[in-house]
Amino acid sequence: MCGIVAYVGDQQAAPILIKGLKRLEYRGYDSAGIAILDKQKNIKAYKKAGKVAALEALISNSDTEGNIGIGHTRWATHGEPNDVNAHPHFGQNKTLALVHNGIIENYAAIKAQLQAKGHHFESQTDTEVLTHLIEEIYENGQVSFDEAVRLALNQVHGAYAIVVISKKDPEMIVAARKGSPLVVGIGTNEFLLASDASPIIE
Ligand code: GLU
């Protein structure tokens, strides 16, 4: 079990993500990370093996400005626990960033197809393959962000909860789940997503 937390709204995302990840620590994990989409439409990702406190130390002197972001505590299934395999993961052109809880069973076949098209992968994870697949469909398929996620998930076997952000849709979070938990919190001009209600409750 790992943890997912995501935020879009009027507040700064990073402190909310870190607080939420700490509340999800009880679920067990080996690494942690966040990605923030800023007003200039850049996605900045920070990832660290070890505790959320180590991630917090990493970002303490970094630019985490932004009102939309995704966070993750990882329990490795594909690829050893290290900084590179930690989530969030990017697509080939770094248009999308994604966090994932679960397993993509047919990731190897999808990875081989994408490699044949010239995709390069930084990590050993099944998750990075799904991120590349969504981005590939989004950029080449003339479809909306949420439709690209839907089409990619049609090709996937396994259990997942995912949350995705995109440079091209800077006020939107797309989430999906199958066999893994994900709850939605709705506030005033803000939305949260998390693996359970603990990051959402005051
Ligand atoms: N299968 C993914 C990985 O190994 C996600 C694991 C998790 O649920 O934390 O990175």
# chains A, B, ... in the order shown; residues from 1 in each chain; ligands from 1

$ residues_near_ligand --ligand "ligand 1" --cutoff "8 Å" --atoms "only C-alpha atoms and all ligand atoms" --output "VMD selection string"
chain A and resid 1 to 3 29 72 to 80 85 to 87 100 to 104 125 to 127 160

$ write_last_selection --atoms "C-alpha atoms" --output "short mmCIF file (atom, residue, chain, number, x, y, z; two decimals), in the first residue's frame"
data_model
loop_
_atom_site.label_atom_id
_atom_site.label_comp_id
_atom_site.auth_asym_id
_atom_site.auth_seq_id
_atom_site.Cartn_x
_atom_site.Cartn_y
_atom_site.Cartn_z
CA MET A 1 0.00 0.00 0.00
CA CYS A 2 1.27 3.41 -0.79
CA GLY A 3 -0.15 6.89 -0.44
CA TYR A 29 6.42 3.21 2.09
CA HIS A 72 3.15 10.08 -3.35
CA THR A 73 4.62 7.64 -0.91
CA ARG A 74 5.86 4.56 -2.78
CA TRP A 75 5.86 0.90 -1.89
CA ALA A 76 8.08 -0.49 -4.63
CA THR A 77 6.78 -3.34 -6.77
CA HIS A 78 8.74 -2.74 -10.02
CA GLY A 79 12.25 -1.37 -9.54
CA GLU A 80 14.22 -0.94 -6.38
CA ASN A 85 12.10 5.09 -9.23
CA ALA A 86 10.23 7.25 -6.71
CA HIS A 87 7.08 8.94 -8.04
CA HIS A 100 0.32 5.70 -9.11
CA ASN A 101 -0.69 3.22 -6.49
CA GLY A 102 -0.87 -0.39 -7.69
CA ILE A 103 0.54 -2.55 -10.48
CA ILE A 104 0.31 -2.34 -14.29
CA THR A 125 8.86 1.23 -12.89
CA ASP A 126 5.59 0.12 -14.44
CA THR A 127 4.29 3.58 -13.53
CA TYR A 160 -4.43 1.27 -9.89
#

$ residues_around --residues "Ala13 in chain A" --least-positions-apart "5" --cutoff "12 Å" --atoms "only C-alpha atoms" --output "PyMOL selection string"
chain A and resi 5-8+18-20+34-38+63-71+190-192

$ closest_residue --among "A:Glu135, A:Asn140, A:Gly179, A:Asp30" --to "Ala54 in chain A" --atoms "only C-alpha atoms"
A:Asp30

$ select_by_dssp --residues "chain A" --states "strand (DSSP E or B)" --output "PyMOL selection string"
chain A and resi 3-8+31-37+43-49+68-74+89-90+96-104+158-166+169-179+183-186+191-194

$ atom_distance --atom1 "CA of His132 in chain A" --atom2 "CA of Leu58 in chain A"
26.1 Å

$ select_by_dssp --residues "range 2-202 of chain A" --states "helix (DSSP H, G or I)" --output "compact mmCIF listing (two decimals) with all heavy atoms, in the first residue's frame"
# COMPACT_ATOMS: atom_id res chain seq x y z
N ALA A 13 0.20 24.50 -2.87
CA ALA A 13 -0.01 23.05 -2.84
C ALA A 13 1.02 22.32 -1.96
O ALA A 13 0.65 21.38 -1.23
CB ALA A 13 0.03 22.49 -4.26
N ALA A 14 2.28 22.71 -2.03
CA ALA A 14 3.36 21.89 -1.43
C ALA A 14 3.14 21.60 0.06
O ALA A 14 3.25 20.44 0.48
CB ALA A 14 4.72 22.53 -1.68
N PRO A 15 2.84 22.62 0.90
CA PRO A 15 2.66 22.30 2.33
C PRO A 15 1.50 21.35 2.57
O PRO A 15 1.56 20.51 3.47
CB PRO A 15 2.38 23.68 2.97
CG PRO A 15 2.81 24.69 1.97
CD PRO A 15 2.70 24.05 0.62
N ILE A 16 0.44 21.46 1.77
CA ILE A 16 -0.72 20.57 1.92
C ILE A 16 -0.33 19.15 1.53
O ILE A 16 -0.71 18.18 2.19
CB ILE A 16 -1.89 21.10 1.05
CG1 ILE A 16 -2.37 22.44 1.61
CG2 ILE A 16 -3.02 20.08 0.97
CD1 ILE A 16 -3.34 23.18 0.73
N LEU A 17 0.48 19.02 0.48
CA LEU A 17 0.92 17.68 0.05
C LEU A 17 1.80 17.03 1.11
O LEU A 17 1.63 15.85 1.44
CB LEU A 17 1.68 17.77 -1.28
CG LEU A 17 0.90 18.30 -2.49
CD1 LEU A 17 1.79 18.32 -3.72
CD2 LEU A 17 -0.35 17.47 -2.75
N ILE A 18 2.75 17.78 1.64
CA ILE A 18 3.66 17.21 2.66
C ILE A 18 2.88 16.80 3.91
O ILE A 18 3.08 15.69 4.45
CB ILE A 18 4.76 18.24 3.02
CG1 ILE A 18 5.68 18.49 1.82
CG2 ILE A 18 5.57 17.77 4.23
CD1 ILE A 18 6.52 17.31 1.37
N LYS A 19 1.98 17.66 4.35
CA LYS A 19 1.16 17.34 5.53
C LYS A 19 0.33 16.07 5.25
O LYS A 19 0.23 15.18 6.10
CB LYS A 19 0.23 18.53 5.82
CG LYS A 19 -0.53 18.46 7.11
CD LYS A 19 -1.22 19.80 7.33
CE LYS A 19 -2.38 19.67 8.28
NZ LYS A 19 -3.17 20.90 8.34
N GLY A 20 -0.24 15.99 4.06
CA GLY A 20 -1.05 14.83 3.70
C GLY A 20 -0.21 13.57 3.63
O GLY A 20 -0.64 12.50 4.12
N LEU A 21 0.98 13.65 3.06
CA LEU A 21 1.84 12.46 2.97
C LEU A 21 2.23 11.98 4.35
O LEU A 21 2.32 10.76 4.59
CB LEU A 21 3.10 12.77 2.14
CG LEU A 21 2.87 12.99 0.64
CD1 LEU A 21 4.19 13.32 -0.06
CD2 LEU A 21 2.21 11.77 -0.02
N LYS A 22 2.45 12.91 5.28
CA LYS A 22 2.79 12.49 6.65
C LYS A 22 1.63 11.72 7.28
O LYS A 22 1.84 10.76 8.00
CB LYS A 22 3.14 13.72 7.49
CG LYS A 22 4.53 14.26 7.17
CD LYS A 22 4.90 15.37 8.10
CE LYS A 22 6.34 15.79 7.86
NZ LYS A 22 6.69 17.02 8.56
N ARG A 23 0.41 12.16 6.99
CA ARG A 23 -0.75 11.46 7.55
C ARG A 23 -0.94 10.08 6.92
O ARG A 23 -1.64 9.24 7.49
CB ARG A 23 -2.00 12.31 7.35
CG ARG A 23 -1.98 13.55 8.22
CD ARG A 23 -3.29 14.26 8.16
NE ARG A 23 -3.27 15.46 8.98
CZ ARG A 23 -4.29 16.32 9.04
NH1 ARG A 23 -5.39 16.10 8.36
NH2 ARG A 23 -4.20 17.38 9.80
N GLU A 25 1.66 8.13 6.18
CA GLU A 25 2.88 7.34 6.44
C GLU A 25 2.58 5.99 7.06
O GLU A 25 3.30 5.02 6.84
CB GLU A 25 3.83 8.12 7.36
CG GLU A 25 4.61 9.20 6.64
CD GLU A 25 5.69 9.82 7.51
OE1 GLU A 25 5.34 10.39 8.56
OE2 GLU A 25 6.88 9.71 7.14
N TYR A 26 1.48 5.92 7.85
CA TYR A 26 1.15 4.68 8.56
C TYR A 26 0.95 3.52 7.59
O TYR A 26 1.04 2.35 7.96
CB TYR A 26 -0.12 4.89 9.39
CG TYR A 26 -1.38 4.86 8.56
CD1 TYR A 26 -2.07 3.67 8.34
CD2 TYR A 26 -1.87 6.01 7.94
CE1 TYR A 26 -3.19 3.62 7.53
CE2 TYR A 26 -2.99 5.99 7.14
CZ TYR A 26 -3.64 4.79 6.94
OH TYR A 26 -4.76 4.74 6.13
N ARG A 27 0.67 3.83 6.30
CA ARG A 27 0.39 2.77 5.32
C ARG A 27 1.65 2.02 4.90
O ARG A 27 1.55 0.95 4.30
CB ARG A 27 -0.26 3.39 4.08
CG ARG A 27 -1.59 4.04 4.38
CD ARG A 27 -2.02 4.98 3.26
NE ARG A 27 -2.37 4.31 2.04
CZ ARG A 27 -3.58 3.83 1.76
NH1 ARG A 27 -4.55 3.96 2.64
NH2 ARG A 27 -3.83 3.24 0.61
N VAL A 52 9.33 10.83 4.49
CA VAL A 52 8.77 12.11 4.03
C VAL A 52 9.60 13.26 4.59
O VAL A 52 9.79 14.29 3.93
CB VAL A 52 7.29 12.24 4.45
CG1 VAL A 52 6.74 13.62 4.09
CG2 VAL A 52 6.45 11.15 3.80
N ALA A 53 10.17 13.08 5.78
CA ALA A 53 11.02 14.12 6.38
C ALA A 53 12.23 14.40 5.49
O ALA A 53 12.69 15.55 5.39
CB ALA A 53 11.46 13.69 7.77
N ALA A 54 12.75 13.38 4.81
CA ALA A 54 13.89 13.58 3.90
C ALA A 54 13.45 14.38 2.67
O ALA A 54 14.19 15.24 2.17
CB ALA A 54 14.46 12.22 3.47
N LEU A 55 12.25 14.13 2.19
CA LEU A 55 11.70 14.91 1.07
C LEU A 55 11.50 16.36 1.52
O LEU A 55 11.82 17.30 0.78
CB LEU A 55 10.37 14.30 0.62
CG LEU A 55 9.57 15.09 -0.41
CD1 LEU A 55 10.30 15.14 -1.75
CD2 LEU A 55 8.18 14.48 -0.59
N GLU A 56 10.99 16.52 2.72
CA GLU A 56 10.75 17.85 3.26
C GLU A 56 12.06 18.64 3.35
O GLU A 56 12.12 19.82 3.00
CB GLU A 56 10.12 17.71 4.65
CG GLU A 56 9.31 18.89 5.06
CD GLU A 56 8.62 18.63 6.40
OE1 GLU A 56 8.90 17.62 7.09
OE2 GLU A 56 7.78 19.47 6.76
N ALA A 57 13.12 17.96 3.77
CA ALA A 57 14.44 18.61 3.84
C ALA A 57 14.92 18.99 2.44
O ALA A 57 15.47 20.07 2.22
CB ALA A 57 15.44 17.68 4.53
N LEU A 58 14.68 18.11 1.48
CA LEU A 58 15.10 18.36 0.08
C LEU A 58 14.43 19.61 -0.47
O LEU A 58 15.06 20.42 -1.15
CB LEU A 58 14.73 17.15 -0.79
CG LEU A 58 14.99 17.27 -2.29
CD1 LEU A 58 16.49 17.19 -2.57
CD2 LEU A 58 14.26 16.17 -3.05
N ILE A 59 13.14 19.79 -0.18
CA ILE A 59 12.42 20.92 -0.78
C ILE A 59 12.53 22.20 0.04
O ILE A 59 12.08 23.25 -0.40
CB ILE A 59 10.92 20.60 -1.02
CG1 ILE A 59 10.17 20.39 0.30
CG2 ILE A 59 10.77 19.41 -1.95
CD1 ILE A 59 8.67 20.30 0.11
N TYR A 107 2.75 -3.93 -18.33
CA TYR A 107 3.62 -2.78 -18.61
C TYR A 107 4.76 -3.14 -19.58
O TYR A 107 5.19 -2.29 -20.38
CB TYR A 107 4.18 -2.19 -17.31
CG TYR A 107 5.40 -2.90 -16.78
CD1 TYR A 107 6.68 -2.39 -17.01
CD2 TYR A 107 5.28 -4.09 -16.09
CE1 TYR A 107 7.79 -3.05 -16.55
CE2 TYR A 107 6.39 -4.76 -15.63
CZ TYR A 107 7.65 -4.23 -15.87
OH TYR A 107 8.76 -4.89 -15.42
N ALA A 108 5.25 -4.38 -19.52
CA ALA A 108 6.43 -4.74 -20.33
C ALA A 108 6.09 -4.68 -21.83
O ALA A 108 6.88 -4.16 -22.64
CB ALA A 108 6.93 -6.13 -19.94
N ALA A 109 4.90 -5.17 -22.20
CA ALA A 109 4.50 -5.13 -23.61
C ALA A 109 4.30 -3.69 -24.08
O ALA A 109 4.72 -3.31 -25.18
CB ALA A 109 3.20 -5.93 -23.79
N ILE A 110 3.68 -2.87 -23.24
CA ILE A 110 3.46 -1.46 -23.60
C ILE A 110 4.80 -0.73 -23.70
O ILE A 110 5.04 0.06 -24.63
CB ILE A 110 2.53 -0.77 -22.56
CG1 ILE A 110 1.15 -1.43 -22.56
CG2 ILE A 110 2.42 0.72 -22.84
CD1 ILE A 110 0.25 -1.00 -21.41
N LYS A 111 5.70 -1.06 -22.79
CA LYS A 111 7.03 -0.42 -22.80
C LYS A 111 7.76 -0.74 -24.10
O LYS A 111 8.35 0.16 -24.73
CB LYS A 111 7.84 -0.92 -21.59
CG LYS A 111 9.17 -0.21 -21.41
CD LYS A 111 9.82 -0.65 -20.10
CE LYS A 111 11.06 0.17 -19.79
NZ LYS A 111 11.63 -0.15 -18.48
N ALA A 112 7.70 -2.00 -24.52
CA ALA A 112 8.38 -2.40 -25.76
C ALA A 112 7.81 -1.65 -26.96
O ALA A 112 8.56 -1.18 -27.83
CB ALA A 112 8.24 -3.92 -25.96
N GLN A 113 6.49 -1.48 -26.99
CA GLN A 113 5.86 -0.73 -28.10
C GLN A 113 6.31 0.72 -28.11
O GLN A 113 6.60 1.30 -29.16
CB GLN A 113 4.33 -0.76 -27.96
CG GLN A 113 3.69 -2.11 -28.29
CD GLN A 113 2.24 -2.19 -27.83
OE1 GLN A 113 1.63 -1.19 -27.48
NE2 GLN A 113 1.71 -3.39 -27.81
N LEU A 114 6.38 1.32 -26.93
CA LEU A 114 6.79 2.73 -26.85
C LEU A 114 8.28 2.88 -27.18
O LEU A 114 8.68 3.85 -27.85
CB LEU A 114 6.48 3.28 -25.46
CG LEU A 114 4.98 3.43 -25.13
CD1 LEU A 114 4.78 3.75 -23.65
CD2 LEU A 114 4.34 4.52 -25.99
N GLN A 115 9.11 1.93 -26.73
CA GLN A 115 10.55 1.99 -27.06
C GLN A 115 10.75 1.91 -28.57
O GLN A 115 11.61 2.59 -29.12
CB GLN A 115 11.30 0.87 -26.34
CG GLN A 115 11.56 1.20 -24.88
CD GLN A 115 12.07 0.02 -24.07
OE1 GLN A 115 11.70 -1.13 -24.33
NE2 GLN A 115 12.91 0.30 -23.07
N ALA A 116 9.92 1.11 -29.24
CA ALA A 116 10.01 0.99 -30.70
C ALA A 116 9.70 2.32 -31.38
O ALA A 116 10.14 2.59 -32.49
CB ALA A 116 9.08 -0.11 -31.20
N ASP A 126 6.78 0.27 -13.61
CA ASP A 126 5.59 0.12 -14.44
C ASP A 126 4.87 1.47 -14.59
O ASP A 126 4.27 1.77 -15.63
CB ASP A 126 4.65 -0.94 -13.84
CG ASP A 126 4.34 -0.71 -12.37
OD1 ASP A 126 5.10 0.02 -11.69
OD2 ASP A 126 3.36 -1.28 -11.86
N THR A 127 4.98 2.29 -13.56
CA THR A 127 4.29 3.58 -13.53
C THR A 127 4.77 4.52 -14.63
O THR A 127 3.97 5.21 -15.28
CB THR A 127 4.51 4.24 -12.16
OG1 THR A 127 4.05 3.34 -11.15
CG2 THR A 127 3.82 5.58 -12.06
N GLU A 128 6.09 4.58 -14.84
CA GLU A 128 6.61 5.49 -15.88
C GLU A 128 6.08 5.09 -17.25
O GLU A 128 5.81 5.95 -18.10
CB GLU A 128 8.15 5.48 -15.87
CG GLU A 128 8.71 6.60 -16.74
CD GLU A 128 10.22 6.56 -16.88
OE1 GLU A 128 10.87 5.60 -16.42
OE2 GLU A 128 10.76 7.51 -17.47
N VAL A 129 5.89 3.79 -17.47
CA VAL A 129 5.36 3.31 -18.76
C VAL A 129 3.95 3.85 -18.97
O VAL A 129 3.61 4.35 -20.05
CB VAL A 129 5.38 1.77 -18.80
CG1 VAL A 129 4.71 1.26 -20.07
CG2 VAL A 129 6.82 1.26 -18.69
N LEU A 130 3.12 3.80 -17.93
CA LEU A 130 1.75 4.31 -18.05
C LEU A 130 1.78 5.82 -18.32
O LEU A 130 0.99 6.32 -19.14
CB LEU A 130 0.96 4.01 -16.77
CG LEU A 130 -0.45 4.57 -16.70
CD1 LEU A 130 -1.32 4.05 -17.84
CD2 LEU A 130 -1.10 4.26 -15.35
N THR A 131 2.68 6.53 -17.67
CA THR A 131 2.77 7.98 -17.88
C THR A 131 3.12 8.29 -19.34
O THR A 131 2.53 9.18 -19.96
CB THR A 131 3.83 8.59 -16.94
OG1 THR A 131 3.70 8.03 -15.64
CG2 THR A 131 3.68 10.10 -16.87
N HIS A 132 4.09 7.57 -19.88
CA HIS A 132 4.47 7.77 -21.30
C HIS A 132 3.30 7.43 -22.22
O HIS A 132 3.08 8.13 -23.22
CB HIS A 132 5.66 6.87 -21.65
CG HIS A 132 6.99 7.44 -21.25
ND1 HIS A 132 8.04 7.61 -22.13
CD2 HIS A 132 7.44 7.87 -20.05
CE1 HIS A 132 9.07 8.12 -21.49
NE2 HIS A 132 8.75 8.27 -20.23
N LEU A 133 2.57 6.38 -21.89
CA LEU A 133 1.45 5.97 -22.76
C LEU A 133 0.37 7.05 -22.79
O LEU A 133 -0.13 7.42 -23.86
CB LEU A 133 0.86 4.64 -22.26
CG LEU A 133 -0.35 4.12 -23.02
CD1 LEU A 133 0.02 3.78 -24.46
CD2 LEU A 133 -0.95 2.90 -22.33
N ILE A 134 0.02 7.57 -21.62
CA ILE A 134 -1.00 8.63 -21.57
C ILE A 134 -0.53 9.85 -22.37
O ILE A 134 -1.27 10.41 -23.17
CB ILE A 134 -1.32 9.03 -20.11
CG1 ILE A 134 -1.95 7.87 -19.35
CG2 ILE A 134 -2.24 10.25 -20.09
CD1 ILE A 134 -2.09 8.11 -17.84
N GLU A 135 0.74 10.24 -22.15
CA GLU A 135 1.26 11.43 -22.84
C GLU A 135 1.29 11.24 -24.35
O GLU A 135 0.96 12.15 -25.12
CB GLU A 135 2.64 11.79 -22.30
CG GLU A 135 3.07 13.18 -22.72
CD GLU A 135 4.46 13.51 -22.23
OE1 GLU A 135 4.59 14.00 -21.10
OE2 GLU A 135 5.42 13.27 -22.98
N GLU A 136 1.68 10.06 -24.78
CA GLU A 136 1.73 9.73 -26.21
C GLU A 136 0.33 9.89 -26.84
O GLU A 136 0.18 10.51 -27.90
CB GLU A 136 2.23 8.29 -26.35
CG GLU A 136 1.96 7.60 -27.66
CD GLU A 136 3.08 7.75 -28.66
OE1 GLU A 136 4.15 8.26 -28.29
OE2 GLU A 136 2.85 7.39 -29.82
N ILE A 137 -0.69 9.36 -26.16
CA ILE A 137 -2.06 9.46 -26.68
C ILE A 137 -2.53 10.92 -26.66
O ILE A 137 -3.15 11.41 -27.60
CB ILE A 137 -3.00 8.56 -25.85
CG1 ILE A 137 -2.65 7.09 -26.09
CG2 ILE A 137 -4.46 8.83 -26.17
CD1 ILE A 137 -3.35 6.11 -25.16
N TYR A 138 -2.19 11.62 -25.60
CA TYR A 138 -2.60 13.02 -25.43
C TYR A 138 -1.99 13.89 -26.53
O TYR A 138 -2.67 14.74 -27.13
CB TYR A 138 -2.12 13.47 -24.05
CG TYR A 138 -2.54 14.84 -23.62
CD1 TYR A 138 -3.74 15.41 -24.02
CD2 TYR A 138 -1.74 15.57 -22.75
CE1 TYR A 138 -4.13 16.66 -23.58
CE2 TYR A 138 -2.11 16.81 -22.30
CZ TYR A 138 -3.31 17.36 -22.72
OH TYR A 138 -3.67 18.60 -22.28
N GLU A 139 -0.71 13.71 -26.81
CA GLU A 139 -0.02 14.59 -27.74
C GLU A 139 -0.27 14.21 -29.20
O GLU A 139 -0.20 15.07 -30.07
CB GLU A 139 1.48 14.60 -27.43
CG GLU A 139 1.71 15.14 -26.03
CD GLU A 139 3.11 15.64 -25.80
OE1 GLU A 139 4.05 14.93 -26.22
OE2 GLU A 139 3.27 16.71 -25.20
N ASN A 140 -0.54 12.95 -29.46
CA ASN A 140 -0.69 12.52 -30.87
C ASN A 140 -2.12 12.18 -31.24
O ASN A 140 -2.43 11.98 -32.41
CB ASN A 140 0.19 11.30 -31.14
CG ASN A 140 1.65 11.63 -30.91
OD1 ASN A 140 2.08 12.74 -31.16
ND2 ASN A 140 2.40 10.67 -30.40
N PHE A 145 -7.33 15.98 -22.29
CA PHE A 145 -6.49 15.40 -21.24
C PHE A 145 -7.20 14.20 -20.58
O PHE A 145 -6.65 13.09 -20.51
CB PHE A 145 -6.20 16.51 -20.22
CG PHE A 145 -5.32 16.14 -19.06
CD1 PHE A 145 -4.47 15.05 -19.08
CD2 PHE A 145 -5.32 16.95 -17.92
CE1 PHE A 145 -3.66 14.75 -18.00
CE2 PHE A 145 -4.52 16.66 -16.84
CZ PHE A 145 -3.70 15.55 -16.87
N ASP A 146 -8.42 14.40 -20.15
CA ASP A 146 -9.11 13.31 -19.45
C ASP A 146 -9.42 12.15 -20.40
O ASP A 146 -9.35 10.98 -20.00
CB ASP A 146 -10.37 13.80 -18.73
CG ASP A 146 -11.32 14.56 -19.62
OD1 ASP A 146 -10.86 15.31 -20.49
OD2 ASP A 146 -12.54 14.41 -19.45
N GLU A 147 -9.69 12.46 -21.67
CA GLU A 147 -9.95 11.38 -22.63
C GLU A 147 -8.67 10.57 -22.88
O GLU A 147 -8.72 9.34 -23.03
CB GLU A 147 -10.49 11.98 -23.95
CG GLU A 147 -10.90 10.96 -24.99
CD GLU A 147 -12.06 10.05 -24.58
OE1 GLU A 147 -12.71 10.31 -23.55
OE2 GLU A 147 -12.28 9.05 -25.28
N ALA A 148 -7.53 11.25 -22.91
CA ALA A 148 -6.26 10.54 -23.11
C ALA A 148 -6.01 9.56 -21.96
O ALA A 148 -5.56 8.43 -22.17
CB ALA A 148 -5.11 11.55 -23.20
N VAL A 149 -6.33 9.99 -20.74
CA VAL A 149 -6.17 9.10 -19.58
C VAL A 149 -7.09 7.89 -19.74
O VAL A 149 -6.68 6.74 -19.55
CB VAL A 149 -6.45 9.85 -18.26
CG1 VAL A 149 -6.47 8.90 -17.08
CG2 VAL A 149 -5.43 10.96 -18.04
N ARG A 150 -8.33 8.16 -20.14
CA ARG A 150 -9.31 7.08 -20.30
C ARG A 150 -8.86 6.08 -21.37
O ARG A 150 -8.90 4.87 -21.16
CB ARG A 150 -10.66 7.70 -20.67
CG ARG A 150 -11.85 6.86 -20.31
CD ARG A 150 -13.16 7.60 -20.57
NE ARG A 150 -13.42 8.66 -19.62
CZ ARG A 150 -13.59 9.95 -19.93
NH1 ARG A 150 -13.54 10.35 -21.17
NH2 ARG A 150 -13.83 10.84 -18.99
N LEU A 151 -8.40 6.59 -22.50
CA LEU A 151 -7.97 5.72 -23.60
C LEU A 151 -6.76 4.87 -23.19
O LEU A 151 -6.66 3.69 -23.52
CB LEU A 151 -7.64 6.55 -24.84
CG LEU A 151 -8.85 7.19 -25.53
CD1 LEU A 151 -8.40 8.18 -26.59
CD2 LEU A 151 -9.73 6.11 -26.15
N ALA A 152 -5.82 5.49 -22.48
CA ALA A 152 -4.63 4.75 -22.03
C ALA A 152 -5.03 3.63 -21.06
O ALA A 152 -4.55 2.49 -21.17
CB ALA A 152 -3.62 5.70 -21.38
N LEU A 153 -5.92 3.96 -20.14
CA LEU A 153 -6.31 2.96 -19.14
C LEU A 153 -7.07 1.80 -19.77
O LEU A 153 -7.06 0.69 -19.23
CB LEU A 153 -7.13 3.62 -18.02
CG LEU A 153 -6.30 4.54 -17.12
CD1 LEU A 153 -7.21 5.27 -16.13
CD2 LEU A 153 -5.22 3.77 -16.35
N ASN A 154 -7.70 2.04 -20.93
CA ASN A 154 -8.34 0.94 -21.65
C ASN A 154 -7.34 -0.12 -22.09
O ASN A 154 -7.70 -1.27 -22.34
CB ASN A 154 -9.06 1.47 -22.91
CG ASN A 154 -10.38 2.13 -22.57
OD1 ASN A 154 -10.90 1.94 -21.48
ND2 ASN A 154 -10.90 2.93 -23.49

$ closest_residue --among "A:Lys178, A:Met172, A:Leu96, A:Ser198" --to "Ile43 in chain A" --atoms "only C-alpha atoms"
A:Leu96

$ atom_distance --atom1 "CA of Lys167 in chain A" --atom2 "CA of Ala45 in chain A"
12.8 Å

$ atom_distance --atom1 "CA of Ala32 in chain A" --atom2 "CA of Leu182 in chain A"
17.6 Å

$ decode --residues "range 117-129 of chain A" --atoms "N, CA, C and O atoms" --output "PDB file, in the first residue's frame"
ATOM      1  N   LYS A 117       8.923   3.177 -30.678  1.00  0.00           N
ATOM      2  CA  LYS A 117       8.600   4.508 -31.219  1.00  0.00           C
ATOM      3  C   LYS A 117       9.614   5.564 -30.777  1.00  0.00           C
ATOM      4  O   LYS A 117       9.411   6.750 -31.013  1.00  0.00           O
ATOM      5  N   GLY A 118      10.649   5.143 -30.037  1.00  0.00           N
ATOM      6  CA  GLY A 118      11.703   6.082 -29.643  1.00  0.00           C
ATOM      7  C   GLY A 118      11.632   6.583 -28.217  1.00  0.00           C
ATOM      8  O   GLY A 118      12.397   7.468 -27.827  1.00  0.00           O
ATOM      9  N   HIS A 119      10.717   6.051 -27.412  1.00  0.00           N
ATOM     10  CA  HIS A 119      10.635   6.503 -26.019  1.00  0.00           C
ATOM     11  C   HIS A 119      11.834   5.994 -25.211  1.00  0.00           C
ATOM     12  O   HIS A 119      12.265   4.855 -25.391  1.00  0.00           O
ATOM     13  N   HIS A 120      12.320   6.845 -24.313  1.00  0.00           N
ATOM     14  CA  HIS A 120      13.393   6.465 -23.385  1.00  0.00           C
ATOM     15  C   HIS A 120      12.843   6.541 -21.961  1.00  0.00           C
ATOM     16  O   HIS A 120      12.143   7.492 -21.623  1.00  0.00           O
ATOM     17  N   PHE A 121      13.203   5.560 -21.159  1.00  0.00           N
ATOM     18  CA  PHE A 121      12.688   5.488 -19.795  1.00  0.00           C
ATOM     19  C   PHE A 121      13.818   5.702 -18.795  1.00  0.00           C
ATOM     20  O   PHE A 121      14.901   5.156 -18.947  1.00  0.00           O
ATOM     21  N   GLU A 122      13.525   6.511 -17.784  1.00  0.00           N
ATOM     22  CA  GLU A 122      14.538   6.816 -16.767  1.00  0.00           C
ATOM     23  C   GLU A 122      14.501   5.809 -15.630  1.00  0.00           C
ATOM     24  O   GLU A 122      15.514   5.553 -14.992  1.00  0.00           O
ATOM     25  N   SER A 123      13.330   5.268 -15.353  1.00  0.00           N
ATOM     26  CA  SER A 123      13.176   4.396 -14.185  1.00  0.00           C
ATOM     27  C   SER A 123      12.903   2.960 -14.620  1.00  0.00           C
ATOM     28  O   SER A 123      12.755   2.670 -15.811  1.00  0.00           O
ATOM     29  N   GLN A 124      12.816   2.084 -13.631  1.00  0.00           N
ATOM     30  CA  GLN A 124      12.474   0.674 -13.884  1.00  0.00           C
ATOM     31  C   GLN A 124      11.001   0.401 -13.604  1.00  0.00           C
ATOM     32  O   GLN A 124      10.584  -0.753 -13.571  1.00  0.00           O
ATOM     33  N   THR A 125      10.211   1.454 -13.396  1.00  0.00           N
ATOM     34  CA  THR A 125       8.855   1.234 -12.894  1.00  0.00           C
ATOM     35  C   THR A 125       7.830   0.966 -13.996  1.00  0.00           C
ATOM     36  O   THR A 125       7.974   1.424 -15.135  1.00  0.00           O
ATOM     37  N   ASP A 126       6.781   0.271 -13.608  1.00  0.00           N
ATOM     38  CA  ASP A 126       5.593   0.123 -14.443  1.00  0.00           C
ATOM     39  C   ASP A 126       4.872   1.466 -14.592  1.00  0.00           C
ATOM     40  O   ASP A 126       4.275   1.770 -15.626  1.00  0.00           O
ATOM     41  N   THR A 127       4.979   2.289 -13.564  1.00  0.00           N
ATOM     42  CA  THR A 127       4.286   3.583 -13.532  1.00  0.00           C
ATOM     43  C   THR A 127       4.774   4.524 -14.630  1.00  0.00           C
ATOM     44  O   THR A 127       3.969   5.209 -15.282  1.00  0.00           O
ATOM     45  N   GLU A 128       6.086   4.580 -14.845  1.00  0.00           N
ATOM     46  CA  GLU A 128       6.609   5.488 -15.876  1.00  0.00           C
ATOM     47  C   GLU A 128       6.082   5.088 -17.253  1.00  0.00           C
ATOM     48  O   GLU A 128       5.808   5.951 -18.102  1.00  0.00           O
ATOM     49  N   VAL A 129       5.892   3.792 -17.469  1.00  0.00           N
ATOM     50  CA  VAL A 129       5.362   3.313 -18.756  1.00  0.00           C
ATOM     51  C   VAL A 129       3.945   3.853 -18.967  1.00  0.00           C
ATOM     52  O   VAL A 129       3.607   4.350 -20.050  1.00  0.00           O
TER      53      VAL A 129
END
